[in-house]
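data-v7.csv, holding CSV, C-alpha atoms:
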```csv
chain,number,residue,atom,x,y,z
A,1,MET,CA,14.1,-12.6,-15.0
A,2,THR,CA,15.2,-14.2,-11.7
A,3,GLU,CA,14.7,-12.9,-8.1
A,4,PRO,CA,17.6,-10.8,-7.0
A,5,SER,CA,19.5,-11.7,-3.8
A,6,ALA,CA,18.3,-9.8,-0.8
A,7,ASN,CA,21.7,-9.4,0.8
A,8,ALA,CA,22.2,-5.8,-0.2
A,9,THR,CA,23.2,-3.6,2.8
A,10,ASP,CA,20.1,-2.2,4.4
A,11,PRO,CA,20.0,1.6,4.2
A,12,GLU,CA,20.4,3.4,7.4
A,13,LEU,CA,17.2,3.9,9.5
A,14,ALA,CA,15.9,7.5,9.6
A,15,PHE,CA,12.9,9.0,11.3
A,16,ILE,CA,10.7,11.9,10.5
A,17,GLU,CA,7.8,13.4,12.5
A,18,VAL,CA,4.4,13.7,10.9
A,19,GLY,CA,1.3,15.4,12.4
A,20,GLN,CA,0.9,17.9,15.2
A,21,ASP,CA,0.3,17.9,18.9
A,22,GLY,CA,-1.6,14.8,20.0
A,23,GLY,CA,-1.5,13.4,16.4
A,24,LEU,CA,2.3,13.6,16.2
A,25,ARG,CA,3.9,10.3,15.2
A,26,ARG,CA,7.5,9.1,14.5
A,27,ILE,CA,7.8,7.4,11.1
A,28,ALA,CA,10.7,5.0,10.3
A,29,VAL,CA,12.2,5.4,6.8
A,30,ARG,CA,14.9,3.5,4.9
A,31,ALA,CA,16.0,5.5,1.8
A,32,ARG,CA,18.6,4.1,-0.7
A,33,THR,CA,20.2,6.7,-2.9
A,34,GLY,CA,20.7,6.1,-6.6
A,35,GLY,CA,19.6,7.0,-10.0
A,36,GLY,CA,16.1,7.1,-11.5
A,37,PRO,CA,13.4,6.4,-11.8
A,38,GLY,CA,13.4,5.8,-8.1
A,39,LEU,CA,11.3,3.2,-6.3
A,40,PHE,CA,8.8,4.1,-3.6
A,41,TRP,CA,7.3,1.3,-1.6
A,42,LEU,CA,3.9,1.3,0.0
A,43,GLY,CA,3.2,-1.7,2.1
A,44,GLY,CA,-0.1,-3.3,3.1
A,45,PHE,CA,-2.4,-3.3,6.1
A,46,HIS,CA,-0.6,-4.7,9.2
A,47,SER,CA,2.6,-5.3,7.3
A,48,ASP,CA,6.0,-3.6,7.3
A,49,MET,CA,8.9,-2.6,5.1
A,50,LYS,CA,10.9,-5.8,5.9
A,51,GLY,CA,8.5,-8.1,4.0
A,52,THR,CA,9.7,-10.3,1.1
A,53,LYS,CA,8.6,-8.1,-1.7
A,54,ALA,CA,9.9,-4.9,-0.2
A,55,LEU,CA,13.3,-6.4,0.5
A,56,ALA,CA,13.5,-8.0,-3.0
A,57,LEU,CA,12.7,-4.6,-4.6
A,58,ASP,CA,15.3,-2.8,-2.5
A,59,ALA,CA,17.9,-5.5,-3.4
A,60,TRP,CA,17.1,-5.1,-7.1
A,61,ALA,CA,17.3,-1.3,-6.8
A,62,ALA,CA,20.8,-1.7,-5.2
A,63,GLU,CA,21.9,-3.9,-8.1
A,64,GLN,CA,20.6,-1.4,-10.6
A,65,ASN,CA,21.9,1.6,-8.8
A,66,ARG,CA,18.4,2.9,-8.4
A,67,ALA,CA,17.0,5.0,-5.5
A,68,CYS,CA,14.5,3.1,-3.3
A,69,VAL,CA,12.5,4.5,-0.4
A,70,ARG,CA,10.6,2.3,2.1
A,71,PHE,CA,8.9,3.3,5.3
A,72,ASP,CA,6.5,1.9,7.9
A,73,TYR,CA,3.1,3.5,8.6
A,74,SER,CA,2.5,4.5,12.2
A,75,GLY,CA,1.6,1.5,14.3
A,76,HIS,CA,3.6,-0.7,11.9
A,77,GLY,CA,7.1,-2.1,12.0
A,78,GLU,CA,9.7,0.3,13.3
A,79,SER,CA,7.5,3.4,13.4
A,80,GLY,CA,5.9,4.8,16.5
A,81,GLY,CA,2.3,4.9,17.4
A,82,ALA,CA,-0.4,2.3,18.0
A,83,PHE,CA,-1.9,0.3,15.2
A,84,ARG,CA,-5.5,0.9,16.5
A,85,ASP,CA,-5.0,4.6,16.1
A,86,GLY,CA,-4.4,4.3,12.4
A,87,THR,CA,-6.7,5.4,9.6
A,88,ILE,CA,-6.4,5.6,5.8
A,89,GLY,CA,-6.1,9.4,6.1
A,90,ARG,CA,-3.3,9.2,8.7
A,91,TRP,CA,-1.3,6.6,6.7
A,92,PHE,CA,-1.9,8.6,3.5
A,93,GLU,CA,-0.6,11.8,5.2
A,94,GLU,CA,2.6,9.8,6.3
A,95,ALA,CA,3.1,8.5,2.7
A,96,VAL,CA,2.9,12.1,1.3
A,97,ALA,CA,5.3,13.4,4.0
A,98,VAL,CA,7.9,10.6,3.3
A,99,PHE,CA,7.5,11.1,-0.5
A,100,ASP,CA,8.0,14.8,-0.2
A,101,ARG,CA,11.0,14.5,2.1
A,102,PHE,CA,13.0,11.6,0.4
A,103,CYS,CA,12.0,11.5,-3.3
A,104,SER,CA,13.1,13.6,-6.2
A,105,GLY,CA,12.7,13.2,-9.9
A,106,PRO,CA,10.6,10.4,-11.5
A,107,GLN,CA,9.4,7.7,-9.2
A,108,VAL,CA,7.8,4.3,-9.7
A,109,VAL,CA,5.4,3.8,-6.8
A,110,ILE,CA,4.8,0.2,-5.8
A,111,GLY,CA,1.7,-0.4,-3.7
A,112,SER,CA,0.8,-3.7,-2.1
A,113,SER,CA,-2.8,-4.4,-1.0
A,114,MET,CA,-3.7,-1.4,1.2
A,115,GLY,CA,-0.6,0.3,-0.3
A,116,GLY,CA,-2.4,0.2,-3.7
A,117,TRP,CA,-5.1,2.4,-2.3
A,118,ILE,CA,-2.5,4.7,-0.7
A,119,ALA,CA,-0.7,4.8,-4.1
A,120,LEU,CA,-3.8,5.9,-5.9
A,121,LEU,CA,-4.4,8.7,-3.4
A,122,LEU,CA,-0.7,9.7,-3.7
A,123,ALA,CA,-0.9,9.8,-7.5
A,124,ARG,CA,-4.1,11.9,-7.4
A,125,GLU,CA,-2.4,14.3,-5.0
A,126,MET,CA,0.7,14.6,-7.1
A,127,ALA,CA,-1.4,15.1,-10.3
A,128,ARG,CA,-3.0,18.2,-8.6
A,129,ARG,CA,0.3,19.8,-7.8
A,130,ALA,CA,1.8,22.3,-10.3
A,131,ASP,CA,5.2,22.6,-8.5
A,132,LYS,CA,6.7,19.4,-7.2
A,133,ARG,CA,10.1,18.0,-6.5
A,134,ALA,CA,9.2,14.4,-7.5
A,135,SER,CA,6.8,13.0,-10.1
A,136,LEU,CA,5.3,9.7,-11.0
A,137,ALA,CA,6.8,7.5,-13.7
A,138,GLY,CA,4.2,4.8,-13.0
A,139,LEU,CA,2.3,2.8,-10.5
A,140,VAL,CA,2.8,-1.0,-9.9
A,141,LEU,CA,-0.1,-2.2,-7.8
A,142,ILE,CA,0.0,-5.7,-6.2
A,143,ALA,CA,-3.4,-7.1,-5.2
A,144,PRO,CA,-4.6,-3.5,-4.8
A,145,ALA,CA,-7.3,-3.0,-2.2
A,146,PRO,CA,-8.8,0.5,-2.8
A,147,ASP,CA,-11.9,1.2,-0.6
A,148,PHE,CA,-11.2,-2.1,1.3
A,149,THR,CA,-12.5,-0.7,4.6
A,150,GLU,CA,-15.9,-0.3,3.0
A,151,GLU,CA,-16.1,-2.8,0.2
A,152,LEU,CA,-14.1,-5.7,1.6
A,153,MET,CA,-14.6,-5.2,5.3
A,154,TRP,CA,-17.8,-3.4,6.3
A,155,LYS,CA,-20.0,-4.7,3.6
A,156,GLY,CA,-18.8,-8.3,4.3
A,157,PHE,CA,-19.1,-8.1,8.1
A,158,SER,CA,-21.9,-9.9,9.9
A,159,PRO,CA,-24.5,-7.8,11.7
A,160,GLU,CA,-23.0,-9.0,15.0
A,161,ILE,CA,-19.5,-7.7,14.0
A,162,ARG,CA,-20.9,-4.4,12.8
A,163,GLN,CA,-22.8,-4.0,16.0
A,164,GLN,CA,-19.7,-4.7,18.1
A,165,ILE,CA,-17.7,-2.1,16.1
A,166,GLU,CA,-20.4,0.5,16.5
A,167,THR,CA,-21.0,-0.1,20.2
A,168,SER,CA,-17.5,-0.9,21.6
A,169,GLY,CA,-15.4,0.9,18.9
A,170,GLU,CA,-13.5,-2.1,17.6
A,171,TRP,CA,-13.5,-5.7,16.7
A,172,LEU,CA,-10.5,-8.0,17.0
A,173,ARG,CA,-10.1,-9.7,13.7
A,174,PRO,CA,-8.2,-13.1,13.6
A,175,SER,CA,-5.1,-12.9,11.4
A,176,GLN,CA,-4.3,-15.4,8.7
A,177,TYR,CA,-0.7,-14.3,8.7
A,178,GLY,CA,0.1,-14.3,12.4
A,179,ASP,CA,-0.9,-15.6,15.8
A,180,GLU,CA,-2.4,-12.3,17.2
A,181,PRO,CA,-5.7,-10.8,16.2
A,182,TYR,CA,-5.7,-7.1,15.2
A,183,PRO,CA,-8.2,-4.4,15.9
A,184,ILE,CA,-10.6,-3.1,13.2
A,185,THR,CA,-11.8,0.2,14.7
A,186,ARG,CA,-14.9,2.3,14.0
A,187,ALA,CA,-12.5,5.2,13.2
A,188,LEU,CA,-10.8,3.1,10.5
A,189,ILE,CA,-14.2,2.3,8.9
A,190,GLU,CA,-15.7,5.8,9.2
A,191,GLU,CA,-12.6,7.8,8.3
A,192,GLY,CA,-12.0,5.5,5.3
A,193,ARG,CA,-15.2,6.7,3.7
A,194,HIS,CA,-13.6,10.1,3.1
A,195,HIS,CA,-11.0,8.5,0.8
A,196,LEU,CA,-13.1,6.2,-1.4
A,197,VAL,CA,-12.0,6.2,-5.0
A,198,LEU,CA,-14.0,3.5,-6.9
A,199,GLY,CA,-17.1,5.6,-7.3
A,200,SER,CA,-15.7,7.6,-10.3
A,201,ALA,CA,-12.9,7.8,-12.7
A,202,ILE,CA,-9.4,7.9,-11.1
A,203,GLU,CA,-7.0,10.3,-12.8
A,204,VAL,CA,-3.5,9.3,-11.8
A,205,GLY,CA,-1.5,10.9,-14.6
A,206,CYS,CA,0.8,7.9,-15.3
A,207,PRO,CA,0.9,4.3,-16.5
A,208,VAL,CA,-0.5,1.6,-14.2
A,209,HIS,CA,0.4,-2.1,-14.0
A,210,ILE,CA,-1.8,-4.2,-11.7
A,211,LEU,CA,-0.8,-7.7,-10.7
A,212,GLN,CA,-3.5,-9.8,-9.1
A,213,GLY,CA,-3.7,-13.4,-7.9
A,214,ALA,CA,-6.8,-15.3,-9.1
A,215,GLN,CA,-6.7,-17.4,-5.8
A,216,ASP,CA,-6.5,-14.3,-3.6
A,217,PRO,CA,-8.8,-14.9,-0.5
A,218,ASP,CA,-8.5,-11.3,0.8
A,219,VAL,CA,-8.9,-9.1,-2.4
A,220,PRO,CA,-11.0,-10.9,-5.0
A,221,TRP,CA,-9.8,-10.6,-8.6
A,222,ARG,CA,-13.1,-8.8,-9.4
A,223,HIS,CA,-11.9,-6.0,-7.2
A,224,ALA,CA,-8.9,-5.5,-9.5
A,225,PHE,CA,-11.2,-5.5,-12.5
A,226,ALA,CA,-13.4,-2.8,-10.9
A,227,LEU,CA,-10.3,-0.7,-10.3
A,228,ALA,CA,-9.0,-1.2,-13.9
A,229,HIS,CA,-12.3,0.1,-15.2
A,230,ARG,CA,-11.9,3.3,-13.2
A,231,LEU,CA,-8.4,4.0,-14.7
A,232,PRO,CA,-7.6,5.4,-18.2
A,233,ALA,CA,-7.8,2.4,-20.5
A,234,ASP,CA,-4.7,3.3,-22.6
A,235,ASP,CA,-2.3,3.4,-19.7
A,236,VAL,CA,-3.4,0.2,-17.7
A,237,VAL,CA,-2.0,-3.3,-17.8
A,238,LEU,CA,-3.7,-6.0,-15.7
A,239,THR,CA,-1.7,-9.2,-15.1
A,240,MET,CA,-3.8,-12.1,-13.7
A,241,VAL,CA,-1.7,-14.8,-11.9
A,242,GLN,CA,-3.9,-17.8,-12.2
A,243,ASP,CA,-2.4,-19.7,-9.2
A,244,GLY,CA,-1.4,-16.6,-7.2
A,245,ASP,CA,-2.6,-15.8,-3.7
A,246,HIS,CA,-2.8,-12.5,-1.9
A,247,ARG,CA,0.9,-12.1,-1.0
A,248,LEU,CA,2.4,-12.8,-4.5
A,249,SER,CA,5.7,-13.3,-2.7
A,250,ARG,CA,6.9,-16.5,-4.5
A,251,PRO,CA,10.1,-16.2,-6.6
A,252,GLN,CA,8.0,-16.2,-9.8
A,253,ASP,CA,5.7,-13.5,-8.4
A,254,ILE,CA,8.7,-11.3,-7.4
A,255,ALA,CA,10.1,-11.7,-10.9
A,256,ARG,CA,6.8,-10.5,-12.4
A,257,ILE,CA,6.7,-7.5,-10.0
A,258,ILE,CA,10.3,-6.5,-10.8
A,259,ALA,CA,9.7,-6.9,-14.6
A,260,ALA,CA,6.7,-4.5,-14.2
A,261,VAL,CA,8.8,-2.0,-12.3
A,262,ALA,CA,11.6,-2.3,-14.9
A,263,GLU,CA,9.2,-1.4,-17.7
A,264,MET,CA,8.3,1.9,-16.1
A,265,LYS,CA,10.7,4.6,-17.5
```

Starting from the file, give its structure as structure tokens.
Amino acid sequence: MTEPSANATDPELAFIEVGQDGGLRRIAVRARTGGGPGLFWLGGFHSDMKGTKALALDAWAAEQNRACVRFDYSGHGESGGAFRDGTIGRWFEEAVAVFDRFCSGPQVVIGSSMGGWIALLLAREMARRADKRASLAGLVLIAPAPDFTEELMWKGFSPEIRQQIETSGEWLRPSQYGDEPYPITRALIEEGRHHLVLGSAIEVGCPVHILQGAQDPDVPWRHAFALAHRLPADDVVLTMVQDGDHRLSRPQDIARIIAAVAEMK
């Protein structure tokens, strides 16, 4: 399977409001109409819906006449709000609001990095609901980073960084993918502890395909194995890309992602 061209007309930009009073934020959404199962994209930490993988999936959906929904978390991309105000709970709330508003029928949820964590929380939420407009046909998780605020950030920070976060409220982390550092806040770390999933079995109610790069410097491949062991064994496929990095955005990586999505019926 080859990478689809990314020249499909971009769906019109829409906005929804999520939250109340001082927590109100304006969320940018691009929703492509089409058949099912639809695609629902959940991006990563400090990324947006115009990344290589998101655009390639949207272009493939257009070619296949499949519905596809993308959005930016608050503080990301075209959405309102400040990045430093974001937490896992806020971004999860936004994902649920967009899913409820724009999706109907079976959906394949594709979560990249932090989006993999949000996808697991979304699947667990949908599994609890008796009456729902949309359901999950499957999860495709790309370098998924559940519990990353605790396992991959806090536990790996030096005592000096921890002290700075605890006393000043944030630490500016240098970015490997841009020129500007971005804030890691005490609220992000502390609120994230309310959404940890790796401590017990994760009931998602649908098949799961995990794609993980063995050369990923941000989310170690052992993290993907830990997640796989928390999921129902009969519904999980783990694909290890031996020379893959964290982004998994090369043409061959995109082809693997699309093949995984296409298998979900």

Practice item. Please identify all polymer residues lying at most 8 Å from the point (-12.8, -6.5, 3.0) (file coordinates), using only C-alpha atoms, and present the result as a ChimeraX atom specification. Key: /A:148-156,218-219

Point to revise | For Asp243 of chain A, the nearest of the candidates A:Glu263, A:Asp216, A:Glu170, A:Asp21, counting all atoms listed in the file | key: A:Asp216

**Study point:** Polymer residues at most 8 Å from Phe83 of chain A, all atoms listed in the file, same-chain spacing of 4 or more positions, as a PyMOL selection string
**Key:** chain A and resi 46+74-76+183

Check your understanding: When distances are computed from only C-alpha atoms, which of A:Cys206, A:Ala59, A:Ala137, A:Met114 shows the smallest separation from Pro37 of chain A?
Key -> A:Ala137

Exercise for review: Write out as a PyMOL selection string the residues lying within 12 Å of Met240 of chain A, counting all atoms listed in the file and excluding same-chain residues fewer than 6 positions away.
Suggested key: chain A and resi 142-143+209-216+220-222+224-225+246+248+253+256

Around (-2.2, 11.7, 10.1) in the file's own coordinates, what residues are found within 7 Å if you use all atoms listed in the file, given back as a PDB file with C-alpha atoms, in the coordinates of the input?
```pdb
ATOM      1  CA  VAL A  18       4.400  13.700  10.900  1.00  0.00           C
ATOM      2  CA  GLY A  19       1.300  15.400  12.400  1.00  0.00           C
ATOM      3  CA  GLY A  23      -1.500  13.400  16.400  1.00  0.00           C
ATOM      4  CA  GLY A  89      -6.100   9.400   6.100  1.00  0.00           C
ATOM      5  CA  ARG A  90      -3.300   9.200   8.700  1.00  0.00           C
ATOM      6  CA  TRP A  91      -1.300   6.600   6.700  1.00  0.00           C
ATOM      7  CA  GLU A  93      -0.600  11.800   5.200  1.00  0.00           C
ATOM      8  CA  GLU A  94       2.600   9.800   6.300  1.00  0.00           C
TER       9      GLU A  94
END
```

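Put simply, atom CA of Asp72 of chain A is 13.0 Å away from atom CA of Leu55 of chain A.
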
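The nearest approach to Ala228 of chain A among the residues A:Gly244, A:Leu120, A:Arg66, A:Val29, with only C-alpha atoms taken into account, belongs to A:Leu120.
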